[in-house]
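Peer 1: For reference, the file coords38.txt (compact mmCIF, C-alpha atoms) is included below:
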```txt
# COMPACT_ATOMS: atom_id res chain seq x y z
CA MET C 7 162.20 113.84 153.94
CA ASP C 8 160.96 114.66 157.44
CA THR C 9 159.02 117.64 156.07
CA GLU C 10 157.34 115.46 153.42
CA LYS C 11 156.48 112.87 156.05
CA ASN C 12 155.00 115.55 158.32
CA LEU C 13 152.86 116.99 155.51
CA SER C 14 151.64 113.53 154.51
CA ASN C 15 150.72 112.94 158.14
CA LEU C 16 148.71 116.18 158.24
CA ILE C 17 146.84 115.31 155.04
CA SER C 18 146.02 111.86 156.41
CA LYS C 19 144.32 113.54 159.39
CA LEU C 20 141.74 115.38 157.26
CA PRO C 21 139.35 112.37 157.00
CA ARG C 22 139.61 112.01 160.78
CA LEU C 23 138.67 115.68 161.17
CA LYS C 24 135.44 114.97 159.28
CA LYS C 25 134.85 111.91 161.45
CA GLU C 26 135.21 113.95 164.66
CA ILE C 27 132.73 116.54 163.42
CA GLY C 28 130.41 113.68 162.43
CA LYS C 29 130.29 112.57 166.08
CA ILE C 30 128.19 115.66 166.80
CA ILE C 31 126.72 116.64 163.43
CA VAL C 32 124.51 114.04 161.77
CA GLY C 33 124.63 114.08 157.96
CA GLN C 34 125.44 117.38 156.20
CA GLU C 35 128.58 115.79 154.74
CA GLU C 36 128.63 118.09 151.72
CA VAL C 37 128.31 121.16 153.95
CA ILE C 38 131.13 119.95 156.22
CA ASP C 39 133.32 119.28 153.17
CA GLU C 40 132.74 122.80 151.84
CA ILE C 41 133.48 124.43 155.20
CA ILE C 42 136.75 122.51 155.56
CA VAL C 43 137.67 123.35 151.95
CA ALA C 44 137.11 127.07 152.62
CA LEU C 45 139.28 126.86 155.75
CA LEU C 46 142.12 125.08 153.92
CA ALA C 47 141.90 127.56 151.03
CA GLY C 48 142.23 130.46 153.49
CA GLY C 49 138.83 131.99 152.69
CA HIS C 50 135.53 132.61 154.44
CA CYS C 51 132.06 131.05 154.21
CA LEU C 52 128.53 132.40 154.02
CA LEU C 53 126.08 129.82 155.40
CA GLU C 54 122.40 129.97 154.55
CA GLY C 55 119.82 127.82 156.32
CA VAL C 56 116.66 128.05 158.36
CA PRO C 57 116.94 128.09 162.17
CA GLY C 58 117.54 124.80 163.96
CA LEU C 59 119.90 123.16 161.46
CA ALA C 60 122.87 123.19 163.87
CA LYS C 61 124.88 125.90 162.14
CA THR C 62 126.33 127.19 165.41
CA LEU C 63 127.00 123.69 166.72
CA MET C 64 128.74 122.74 163.47
CA VAL C 65 131.13 125.70 163.67
CA ARG C 66 131.80 125.19 167.39
CA THR C 67 132.52 121.50 166.79
CA LEU C 68 135.01 122.41 164.05
CA SER C 69 136.83 124.76 166.44
CA ASP C 70 136.94 122.02 169.11
CA ALA C 71 138.39 119.48 166.67
CA LEU C 72 141.06 122.01 165.69
CA HIS C 73 141.63 123.38 169.20
CA LEU C 74 141.15 126.92 167.89
CA SER C 75 139.66 129.90 169.70
CA PHE C 76 136.01 130.45 168.80
CA ARG C 77 133.73 133.47 169.21
CA ARG C 78 130.10 133.86 168.24
CA ILE C 79 128.84 137.34 167.38
CA GLN C 80 125.07 137.83 167.23
CA PHE C 81 124.47 140.54 164.65
CA THR C 82 121.57 142.83 165.58
CA PRO C 83 120.27 146.18 164.25
CA ASP C 84 121.95 148.10 167.09
CA LEU C 85 125.38 146.42 166.80
CA MET C 86 128.20 148.92 166.27
CA PRO C 87 131.59 148.36 164.54
CA THR C 88 133.38 148.82 167.88
CA ASP C 89 131.30 145.96 169.31
CA ILE C 90 133.14 143.53 167.04
CA ILE C 91 136.52 145.23 166.46
CA GLY C 92 137.09 146.57 169.96
CA THR C 93 137.58 150.00 171.49
CA GLU C 94 140.02 152.05 173.52
CA ILE C 95 139.57 152.27 177.27
CA LEU C 96 141.18 154.70 179.69
CA GLU C 97 143.54 153.05 182.16
CA GLU C 98 145.78 154.34 184.91
CA ASP C 99 149.32 153.28 185.76
CA HIS C 100 149.14 152.82 189.54
CA ALA C 101 152.91 153.26 189.91
CA THR C 102 153.11 156.65 188.18
CA GLY C 103 149.51 157.83 188.29
CA LYS C 104 149.60 158.50 184.54
CA ARG C 105 146.53 157.74 182.46
CA PHE C 106 146.64 156.24 179.00
CA PHE C 107 144.37 154.69 176.40
CA LYS C 108 144.61 150.94 175.85
CA PHE C 109 142.99 149.09 172.95
CA ASN C 110 140.59 146.45 174.26
CA LYS C 111 140.26 143.77 171.57
CA GLY C 112 136.77 142.76 170.46
CA PRO C 113 135.42 139.30 169.63
CA LEU C 114 136.88 139.52 166.12
CA PHE C 115 140.24 138.56 167.64
CA ALA C 116 139.76 134.80 167.53
CA ASN C 117 140.61 132.03 165.06
CA ILE C 118 137.06 131.07 164.10
CA ILE C 119 134.27 133.66 164.10
CA LEU C 120 130.61 132.83 163.72
CA ALA C 121 128.89 136.00 162.48
CA ASP C 122 125.31 134.96 163.21
CA GLU C 123 122.57 136.54 161.05
CA ILE C 124 124.93 139.01 159.43
CA ASN C 125 122.13 140.52 157.34
CA ARG C 126 120.38 141.82 160.48
CA THR C 127 122.96 144.53 161.15
CA PRO C 128 123.32 147.85 159.26
CA PRO C 129 125.85 148.27 156.42
CA LYS C 130 128.21 150.31 158.63
CA THR C 131 128.76 147.32 160.89
CA GLN C 132 128.78 144.84 158.01
CA SER C 133 131.56 146.82 156.35
CA ALA C 134 133.66 146.58 159.51
CA LEU C 135 134.20 142.93 158.55
CA LEU C 136 135.55 143.80 155.09
CA GLU C 137 139.07 144.82 156.10
CA ALA C 138 139.31 141.89 158.48
CA MET C 139 138.17 139.38 155.85
CA GLN C 140 140.47 140.66 153.12
CA GLU C 141 143.52 141.96 154.96
CA PHE C 142 143.43 139.82 158.13
CA GLU C 143 143.90 143.00 160.16
CA VAL C 144 141.81 145.83 161.59
CA THR C 145 142.51 149.52 162.05
CA TYR C 146 141.38 151.57 165.03
CA GLY C 147 142.48 155.08 165.91
CA GLY C 148 145.12 155.04 163.18
CA GLN C 149 146.70 151.88 164.61
CA THR C 150 146.69 148.57 162.75
CA TYR C 151 146.22 145.33 164.69
CA GLN C 152 146.99 141.92 163.19
CA LEU C 153 144.35 139.24 163.64
CA ASP C 154 145.07 135.75 164.92
CA LYS C 155 145.93 133.13 162.32
CA PRO C 156 144.34 131.05 161.04
CA PHE C 157 141.42 133.46 160.76
CA PHE C 158 138.13 132.05 159.49
CA ILE C 159 134.76 133.81 159.35
CA LEU C 160 131.54 131.88 158.90
CA ALA C 161 128.59 134.22 158.50
CA THR C 162 125.01 132.96 158.59
CA GLN C 163 121.82 134.36 157.20
CA ASN C 164 118.23 133.21 157.43
CA PRO C 165 116.57 132.78 154.00
CA ILE C 166 112.97 133.11 155.21
CA GLU C 167 112.79 136.17 157.46
CA GLN C 168 113.70 139.14 155.27
CA ALA C 169 111.74 141.87 157.08
CA GLY C 170 114.06 144.28 158.86
CA THR C 171 117.21 142.90 157.23
CA TYR C 172 120.02 144.58 155.34
CA PRO C 173 120.96 142.43 152.31
CA LEU C 174 124.70 142.15 151.81
CA PRO C 175 125.94 144.22 148.84
CA GLU C 176 127.55 142.39 145.94
CA ALA C 177 131.04 143.70 146.85
CA GLN C 178 130.80 142.17 150.31
CA LEU C 179 129.26 138.93 149.06
CA ASP C 180 132.24 138.54 146.74
CA ARG C 181 134.55 138.54 149.77
CA PHE C 182 133.15 135.18 150.82
CA LEU C 183 135.01 132.34 149.17
CA LEU C 184 131.97 130.01 149.28
CA TYR C 185 128.22 130.38 149.69
CA VAL C 186 127.07 127.19 151.41
CA LYS C 187 123.42 126.16 151.63
CA ILE C 188 122.30 123.96 154.51
CA ASN C 189 119.19 121.90 153.81
CA TYR C 190 116.88 119.87 156.03
CA PRO C 191 118.16 116.41 157.05
CA SER C 192 116.73 113.24 155.51
CA ALA C 193 114.14 111.21 157.43
CA SER C 194 116.71 108.70 158.70
CA GLU C 195 119.13 111.48 159.68
CA GLU C 196 116.40 113.32 161.56
CA ILE C 197 115.57 110.19 163.57
CA GLU C 198 119.27 109.82 164.42
CA ILE C 199 119.40 113.48 165.49
CA LEU C 200 116.41 113.01 167.77
CA ASN C 201 117.94 109.90 169.33
CA SER C 202 121.40 111.39 169.87
CA THR C 203 120.35 114.77 171.26
CA THR C 204 117.62 113.83 173.73
CA GLY C 205 119.47 111.28 175.85
CA LYS C 206 122.14 111.41 178.53
CA ARG C 207 125.14 110.39 176.46
CA GLN C 208 127.03 113.23 174.77
CA ALA C 209 129.82 112.48 172.31
CA ALA C 210 133.21 114.07 173.02
CA VAL C 211 135.18 115.69 170.20
CA GLU C 212 138.91 114.98 170.16
CA GLN C 213 141.49 117.40 168.81
CA VAL C 214 142.80 116.39 165.39
CA LEU C 215 144.83 119.41 164.20
CA ASN C 216 146.03 122.70 165.65
CA ALA C 217 146.61 126.26 164.41
CA ASN C 218 150.12 125.54 163.10
CA ASP C 219 148.86 122.46 161.25
CA ILE C 220 146.12 124.47 159.52
CA THR C 221 148.61 127.17 158.52
CA GLU C 222 150.90 124.53 156.99
CA LEU C 223 147.99 122.93 155.13
CA GLN C 224 146.90 126.34 153.80
CA SER C 225 150.40 126.84 152.38
CA LEU C 226 150.37 123.33 150.91
CA VAL C 227 147.04 123.95 149.15
CA ARG C 228 148.68 126.55 146.91
CA GLU C 229 151.32 124.00 145.87
CA VAL C 230 148.74 121.53 144.56
CA ASN C 231 149.15 121.22 140.80
CA ILE C 232 146.55 122.29 138.23
CA SER C 233 147.17 121.89 134.49
CA ASN C 234 147.10 124.79 132.05
CA GLU C 235 144.17 123.12 130.28
CA LEU C 236 142.09 123.18 133.47
CA ILE C 237 143.04 126.81 134.15
CA GLU C 238 141.86 127.71 130.64
CA TYR C 239 138.65 125.76 131.30
CA VAL C 240 138.05 127.79 134.49
CA SER C 241 138.59 131.02 132.55
CA THR C 242 136.13 129.88 129.87
CA LEU C 243 133.57 128.93 132.54
CA ILE C 244 133.81 132.25 134.39
CA ARG C 245 133.66 134.33 131.21
CA ALA C 246 130.62 132.33 130.09
CA THR C 247 128.67 133.64 133.10
CA ARG C 248 128.82 137.22 131.76
CA PRO C 249 125.91 138.17 129.50
CA ASP C 250 128.04 140.59 127.45
CA THR C 251 130.78 138.07 126.60
CA THR C 252 129.01 134.71 126.62
CA ALA C 253 127.76 132.77 123.65
CA THR C 254 125.28 130.89 125.83
CA SER C 255 121.69 132.00 125.28
CA TYR C 256 120.69 130.59 128.69
CA VAL C 257 122.96 133.09 130.43
CA LYS C 258 121.80 135.99 128.26
CA GLU C 259 118.18 135.17 129.13
CA TRP C 260 118.49 134.87 132.91
CA VAL C 261 121.67 136.59 134.15
CA ARG C 262 122.03 140.32 134.75
CA TRP C 263 125.69 140.37 135.87
CA GLY C 264 128.23 137.56 135.71
CA ALA C 265 131.14 136.58 137.91
CA GLY C 266 134.44 138.49 138.07
CA PRO C 267 138.03 137.21 138.06
CA ARG C 268 137.88 136.58 141.83
CA ALA C 269 135.43 133.75 141.08
CA GLY C 270 138.08 132.01 138.97
CA GLN C 271 140.63 132.41 141.74
CA ALA C 272 138.16 131.01 144.26
CA LEU C 273 137.30 128.04 142.04
CA ILE C 274 140.95 127.08 141.52
CA LEU C 275 141.87 127.48 145.20
CA THR C 276 138.89 125.49 146.47
CA ALA C 277 139.48 122.79 143.84
CA LYS C 278 143.07 122.53 145.09
CA ALA C 279 141.85 122.26 148.69
CA ARG C 280 139.34 119.57 147.72
CA ALA C 281 142.05 117.62 145.89
CA LEU C 282 144.20 117.72 149.03
CA MET C 283 141.26 116.47 151.11
CA GLN C 284 140.98 113.55 148.69
CA GLY C 285 144.68 112.78 149.16
CA ARG C 286 145.69 114.08 145.72
CA TYR C 287 148.34 116.62 144.76
CA ALA C 288 146.69 117.54 141.46
CA VAL C 289 143.31 119.03 140.55
CA VAL C 290 140.94 117.00 138.37
CA MET C 291 137.77 118.07 136.59
CA GLU C 292 135.58 116.60 139.34
CA ASP C 293 137.10 119.05 141.84
CA LEU C 294 136.15 122.02 139.68
CA HIS C 295 132.62 120.77 138.99
CA THR C 296 131.99 119.98 142.65
CA MET C 297 133.09 123.40 143.91
CA ALA C 298 131.57 125.47 141.08
CA TYR C 299 128.12 125.76 142.70
CA ALA C 300 129.29 127.17 146.04
CA VAL C 301 131.76 129.47 144.27
CA LEU C 302 129.28 130.94 141.77
CA ARG C 303 126.11 130.88 143.89
CA HIS C 304 126.59 134.41 145.24
CA ARG C 305 128.55 135.84 142.33
CA LEU C 306 125.85 135.71 139.66
CA LEU C 307 123.24 138.45 139.78
CA MET C 308 120.02 137.11 138.31
CA ASN C 309 117.60 139.39 136.46
CA PHE C 310 113.98 140.09 137.38
CA LYS C 311 112.70 137.52 134.90
CA ALA C 312 114.80 134.81 136.56
CA GLU C 313 113.47 135.74 140.00
CA ALA C 314 109.89 135.60 138.69
CA GLU C 315 110.48 132.19 137.08
CA ASN C 316 112.43 130.85 140.09
CA ILE C 317 115.60 130.34 138.05
CA SER C 318 118.60 130.40 140.40
CA SER C 319 122.33 130.80 139.93
CA ASP C 320 122.65 127.05 140.59
CA ASN C 321 120.55 126.42 137.48
CA VAL C 322 122.91 128.59 135.43
CA THR C 323 125.97 126.82 136.85
CA ALA C 324 124.49 123.40 136.04
CA GLU C 325 123.75 124.49 132.47
CA LEU C 326 127.27 125.83 131.93
CA LEU C 327 128.92 122.72 133.39
CA ARG C 328 126.78 120.63 131.03
CA THR C 329 127.39 122.62 127.85
CA ILE C 330 130.93 124.00 128.05
CA GLU C 331 133.30 121.68 126.23
CA ARG C 332 135.93 120.03 128.36
CA PRO C 333 139.60 120.04 127.29
CA LYS C 334 140.19 117.10 124.97
CA THR C 335 143.33 116.10 126.87
CA ILE C 336 141.40 115.85 130.15
CA ILE C 337 139.66 112.53 130.75
CA ASN C 338 137.81 113.10 134.06
```
Go ahead and render the structure in this file as structure tokens.
Peer 2:
Amino acid sequence: MDTEKNLSNLISKLPRLKKEIGKIIVGQEEVIDEIIVALLAGGHCLLEGVPGLAKTLMVRTLSDALHLSFRRIQFTPDLMPTDIIGTEILEEDHATGKRFFKFNKGPLFANIILADEINRTPPKTQSALLEAMQEFEVTYGGQTYQLDKPFFILATQNPIEQAGTYPLPEAQLDRFLLYVKINYPSASEEIEILNSTTGKRQAAVEQVLNANDITELQSLVREVNISNELIEYVSTLIRATRPDTTATSYVKEWVRWGAGPRAGQALILTAKARALMQGRYAVVMEDLHTMAYAVLRHRLLMNFKAEAENISSDNVTAELLRTIERPKTIIN
């Protein structure tokens, strides 16, 4: 009974977590929701937005509200894998005079990592994140080091400056649970931003949850119920994105490669996390439809015709959500 009460208490704090972030970040509620969902689902986020949309501030505010360690890594063309993982340094034992190598941990050893402009660093350094993102550990000199938990990477990329960048390969893109797009604020939100950031008063963010709380919530997410009918619907949706197996002419016309099974796993996990954020212990159709865009955005490879006609993966997702028949036993 005490355990159930404790978990219910943790879930009830999730709306407050959003409220604390909202003290600093004006608007962007959908973006904040998706970032929290990715964290609860135990995955990582790729954030895309032009400079000046408070991406760094948003991530730092999240770490403050969770009282988690935070490190920002600025990815540049000359960044090396050891700059983020760490390296061995030669030390001397003053008592014995013996010298030995000690592993000096890099900035990757924190709870929340902001990998800023990840597409500005060469593939060798980008790939250094792969083991960390998937295995939650890094290897150096034949020794494996466990990363702190919870471990959450938010990588950013700028959509407008592509000169001198190294686009992430599809295999690495697939490692990100969600691809979140940050848009410009509305007129009223921009006025509020200008008012709140150019005066003396600065809002203070209070701690809502801690590392142990997040770990418990991540375990609870996997216990959220999803019906067999909705799992079959997810399978149908993912398979419909593949030109060689779909019956949808829209996909055949615009898509070069569809999503793999990891997309289905991501959609179910994020739908479970969203249900928990809404105070529910079961996934409904709305959860799946809401999360489908951020899940599929980076997992559909559009063909040249689509790029020429400005047809995006979001357009394909919208078409599939509109046309794929819902299970008859599911109402919402």
Peer 1: So, with all atoms listed in the file as the atoms that count, which of C:Glu315, C:Asp70, C:Glu40, C:Glu325 lies closest to Val186 of chain C?
Peer 2: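 Counting all atoms listed in the file, the residue closest to Val186 of chain C is C:Glu40.
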Peer 1: Set out as a tab-separated table a contact list for segment 287-306 of chain C and segment 317-324 of chain C with a cut-off of 8 Å, giving each residue of segment 287-306 of chain C that qualifies its closest atom pair and distance in Å to one decimal, counting all atoms listed in the file, ordered by chain and rising residue number.
Peer 2:
```
residue	atom	partner	partner_atom	distance
C:Ala298	CA	C:Thr323	CA	7.1
C:Tyr299	CA	C:Asp320	CA	6.0
C:Leu302	CA	C:Ser319	CA	7.2
C:Arg303	CA	C:Ser319	CA	5.5
C:His304	CA	C:Ser319	CA	7.7
C:Leu306	CA	C:Ser319	CA	6.0
```
Peer 1: What is the distance between atom CA of Glu196 of chain C and atom CA of Glu35 of chain C, in Å to one decimal?
Peer 2: 14.2 Å
Peer 1: Sorted by chain and rising residue number, list the residues of segment 176-292 of chain C at most 8 Å from segment 53-57 of chain C (counting all atoms listed in the file), each with its closest atom pair and distance in Å to one decimal, as a Markdown table.
Peer 2:
```
| residue | atom | partner | partner_atom | distance |
| --- | --- | --- | --- | --- |
| C:Tyr185 | CA | C:Leu53 | CA | 6.1 |
| C:Val186 | CA | C:Leu53 | CA | 4.9 |
| C:Lys187 | CA | C:Glu54 | CA | 4.9 |
| C:Ile188 | CA | C:Gly55 | CA | 4.9 |
| C:Asn189 | CA | C:Gly55 | CA | 6.5 |
```
Peer 1: Would you work out the distance separating atom CA of Thr162 of chain C from atom CA of Met86 of chain C, expressed in Å to one decimal?
Peer 2: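 So the answer is 18.0 Å.
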Peer 1: Taking all atoms listed in the file into account, name the residue in C:Tyr239, C:Ser255, C:Leu23, C:Gln224 that is nearest to His73 of chain C.
Peer 2: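 Smallest distance to His73 of chain C is found for C:Leu23.
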Peer 1: Let me make sure I understand: among C:Ile91, C:Ala101, C:Val261, C:Val227, which one has the smallest atom-to-atom distance to Tyr146 of chain C if we use only C-alpha atoms?
Peer 2: C:Ile91
Peer 1: Report the distance between atom CA of Ile31 of chain C and atom CA of Ile199 of chain C in Å, rounded to one decimal place.
Peer 2: 8.2 Å
Peer 1: With a distance cut-off of 8 Å and only C-alpha atoms, select the neighbouring residues of segment 202-214 of chain C, excluding the residue or stretch itself and same-chain residues fewer than 2 positions from it, and output the selection as a PDB file with C-alpha atoms, in the frame of the given file.
Peer 2:
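Saved as part-v4.pdb:
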```
ATOM      1  CA  LYS C  19     144.320 113.540 159.390  1.00  0.00           C
ATOM      2  CA  ARG C  22     139.610 112.010 160.780  1.00  0.00           C
ATOM      3  CA  LEU C  23     138.670 115.680 161.170  1.00  0.00           C
ATOM      4  CA  GLU C  26     135.210 113.950 164.660  1.00  0.00           C
ATOM      5  CA  ILE C  27     132.730 116.540 163.420  1.00  0.00           C
ATOM      6  CA  LYS C  29     130.290 112.570 166.080  1.00  0.00           C
ATOM      7  CA  ILE C  30     128.190 115.660 166.800  1.00  0.00           C
ATOM      8  CA  THR C  67     132.520 121.500 166.790  1.00  0.00           C
ATOM      9  CA  ASP C  70     136.940 122.020 169.110  1.00  0.00           C
ATOM     10  CA  ALA C  71     138.390 119.480 166.670  1.00  0.00           C
ATOM     11  CA  LEU C  72     141.060 122.010 165.690  1.00  0.00           C
ATOM     12  CA  HIS C  73     141.630 123.380 169.200  1.00  0.00           C
ATOM     13  CA  GLU C 198     119.270 109.820 164.420  1.00  0.00           C
ATOM     14  CA  ILE C 199     119.400 113.480 165.490  1.00  0.00           C
ATOM     15  CA  LEU C 200     116.410 113.010 167.770  1.00  0.00           C
ATOM     16  CA  ASN C 216     146.030 122.700 165.650  1.00  0.00           C
TER      17      ASN C 216
END
```
Peer 1: Under the rule that all atoms listed in the file are counted, which of C:Leu85, C:Leu174, C:Val32, C:Ala193 is the nearest residue to Thr131 of chain C?
Peer 2: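 Among C:Leu85, C:Leu174, C:Val32, C:Ala193, it is C:Leu85 that comes nearest to Thr131 of chain C.
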Peer 1: From the list C:Val144, C:Met139, C:Ile41, C:Ile244, which residue is nearest Phe109 of chain C when using only C-alpha atoms?
Peer 2: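 Among the listed residues, the smallest separation from Phe109 of chain C belongs to C:Val144.
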Peer 1: Tell me, as an mmCIF file with C-alpha atoms, in the frame of the given file, which residues lie within 10 Å of segment 44-49 of chain C, counting all atoms listed in the file; anything in the same chain fewer than 3 positions away does not count.
Peer 2:
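As a result, selection_7.cif now contains:
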```cif
data_model
loop_
_atom_site.group_PDB
_atom_site.id
_atom_site.type_symbol
_atom_site.label_atom_id
_atom_site.label_comp_id
_atom_site.auth_asym_id
_atom_site.auth_seq_id
_atom_site.Cartn_x
_atom_site.Cartn_y
_atom_site.Cartn_z
ATOM 1 C CA ILE C 38 131.130 119.950 156.220
ATOM 2 C CA ASP C 39 133.320 119.280 153.170
ATOM 3 C CA GLU C 40 132.740 122.800 151.840
ATOM 4 C CA ILE C 41 133.480 124.430 155.200
ATOM 5 C CA ILE C 118 137.060 131.070 164.100
ATOM 6 C CA MET C 139 138.170 139.380 155.850
ATOM 7 C CA GLN C 140 140.470 140.660 153.120
ATOM 8 C CA LYS C 155 145.930 133.130 162.320
ATOM 9 C CA PRO C 156 144.340 131.050 161.040
ATOM 10 C CA PHE C 157 141.420 133.460 160.760
ATOM 11 C CA PHE C 158 138.130 132.050 159.490
ATOM 12 C CA ILE C 159 134.760 133.810 159.350
ATOM 13 C CA LEU C 160 131.540 131.880 158.900
ATOM 14 C CA ARG C 181 134.550 138.540 149.770
ATOM 15 C CA PHE C 182 133.150 135.180 150.820
ATOM 16 C CA LEU C 183 135.010 132.340 149.170
ATOM 17 C CA LEU C 184 131.970 130.010 149.280
ATOM 18 C CA TYR C 185 128.220 130.380 149.690
ATOM 19 C CA ILE C 220 146.120 124.470 159.520
ATOM 20 C CA THR C 221 148.610 127.170 158.520
ATOM 21 C CA GLU C 222 150.900 124.530 156.990
ATOM 22 C CA LEU C 223 147.990 122.930 155.130
ATOM 23 C CA GLN C 224 146.900 126.340 153.800
ATOM 24 C CA SER C 225 150.400 126.840 152.380
ATOM 25 C CA LEU C 226 150.370 123.330 150.910
ATOM 26 C CA VAL C 227 147.040 123.950 149.150
ATOM 27 C CA ARG C 228 148.680 126.550 146.910
ATOM 28 C CA ALA C 272 138.160 131.010 144.260
ATOM 29 C CA ILE C 274 140.950 127.080 141.520
ATOM 30 C CA LEU C 275 141.870 127.480 145.200
ATOM 31 C CA THR C 276 138.890 125.490 146.470
ATOM 32 C CA ALA C 277 139.480 122.790 143.840
ATOM 33 C CA LYS C 278 143.070 122.530 145.090
ATOM 34 C CA ALA C 279 141.850 122.260 148.690
ATOM 35 C CA ARG C 280 139.340 119.570 147.720
ATOM 36 C CA LEU C 282 144.200 117.720 149.030
ATOM 37 C CA MET C 283 141.260 116.470 151.110
#
```
Peer 1: Around the point (121.2, 120.8, 160.5) in the file's coordinates, collect all residues with an atom within 7 Å, using all atoms listed in the file, and return them as a PyMOL selection string.
Peer 2: chain C and resi 34+58-61+188+190-191
Peer 1: Please rebuild segment 231-245 of chain C with N, CA and C atoms and give the result as an mmCIF file, keeping the file's coordinate frame.
Peer 2:
```
data_model
loop_
_atom_site.group_PDB
_atom_site.id
_atom_site.type_symbol
_atom_site.label_atom_id
_atom_site.label_comp_id
_atom_site.auth_asym_id
_atom_site.auth_seq_id
_atom_site.Cartn_x
_atom_site.Cartn_y
_atom_site.Cartn_z
ATOM 1 N N ASN C 231 149.008 120.962 142.232
ATOM 2 C CA ASN C 231 149.150 121.220 140.800
ATOM 3 C C ASN C 231 147.789 121.304 140.094
ATOM 4 N N ILE C 232 147.703 122.227 139.127
ATOM 5 C CA ILE C 232 146.550 122.290 138.230
ATOM 6 C C ILE C 232 147.091 122.546 136.829
ATOM 7 N N SER C 233 146.641 121.786 135.856
ATOM 8 C CA SER C 233 147.170 121.890 134.490
ATOM 9 C C SER C 233 146.712 123.180 133.827
ATOM 10 N N ASN C 234 147.465 123.597 132.807
ATOM 11 C CA ASN C 234 147.100 124.790 132.050
ATOM 12 C C ASN C 234 145.749 124.614 131.356
ATOM 13 N N GLU C 235 145.457 123.372 130.949
ATOM 14 C CA GLU C 235 144.170 123.120 130.280
ATOM 15 C C GLU C 235 143.004 123.367 131.230
ATOM 16 N N LEU C 236 143.160 122.963 132.500
ATOM 17 C CA LEU C 236 142.090 123.180 133.470
ATOM 18 C C LEU C 236 141.978 124.660 133.842
ATOM 19 N N ILE C 237 143.096 125.371 133.886
ATOM 20 C CA ILE C 237 143.040 126.810 134.150
ATOM 21 C C ILE C 237 142.291 127.517 133.018
ATOM 22 N N GLU C 238 142.565 127.119 131.782
ATOM 23 C CA GLU C 238 141.860 127.710 130.640
ATOM 24 C C GLU C 238 140.367 127.365 130.707
ATOM 25 N N TYR C 239 140.055 126.148 131.147
ATOM 26 C CA TYR C 239 138.650 125.760 131.300
ATOM 27 C C TYR C 239 137.949 126.635 132.335
ATOM 28 N N VAL C 240 138.630 126.909 133.457
ATOM 29 C CA VAL C 240 138.050 127.790 134.490
ATOM 30 C C VAL C 240 137.804 129.168 133.920
ATOM 31 N N SER C 241 138.760 129.698 133.168
ATOM 32 C CA SER C 241 138.590 131.020 132.550
ATOM 33 C C SER C 241 137.392 131.033 131.604
ATOM 34 N N THR C 242 137.271 129.981 130.798
ATOM 35 C CA THR C 242 136.130 129.880 129.870
ATOM 36 C C THR C 242 134.805 129.833 130.634
ATOM 37 N N LEU C 243 134.783 129.065 131.724
ATOM 38 C CA LEU C 243 133.570 128.930 132.540
ATOM 39 C C LEU C 243 133.161 130.265 133.149
ATOM 40 N N ILE C 244 134.112 130.982 133.737
ATOM 41 C CA ILE C 244 133.810 132.250 134.390
ATOM 42 C C ILE C 244 133.355 133.285 133.364
ATOM 43 N N ARG C 245 134.033 133.355 132.243
ATOM 44 C CA ARG C 245 133.660 134.330 131.210
ATOM 45 C C ARG C 245 132.291 134.012 130.612
#
```
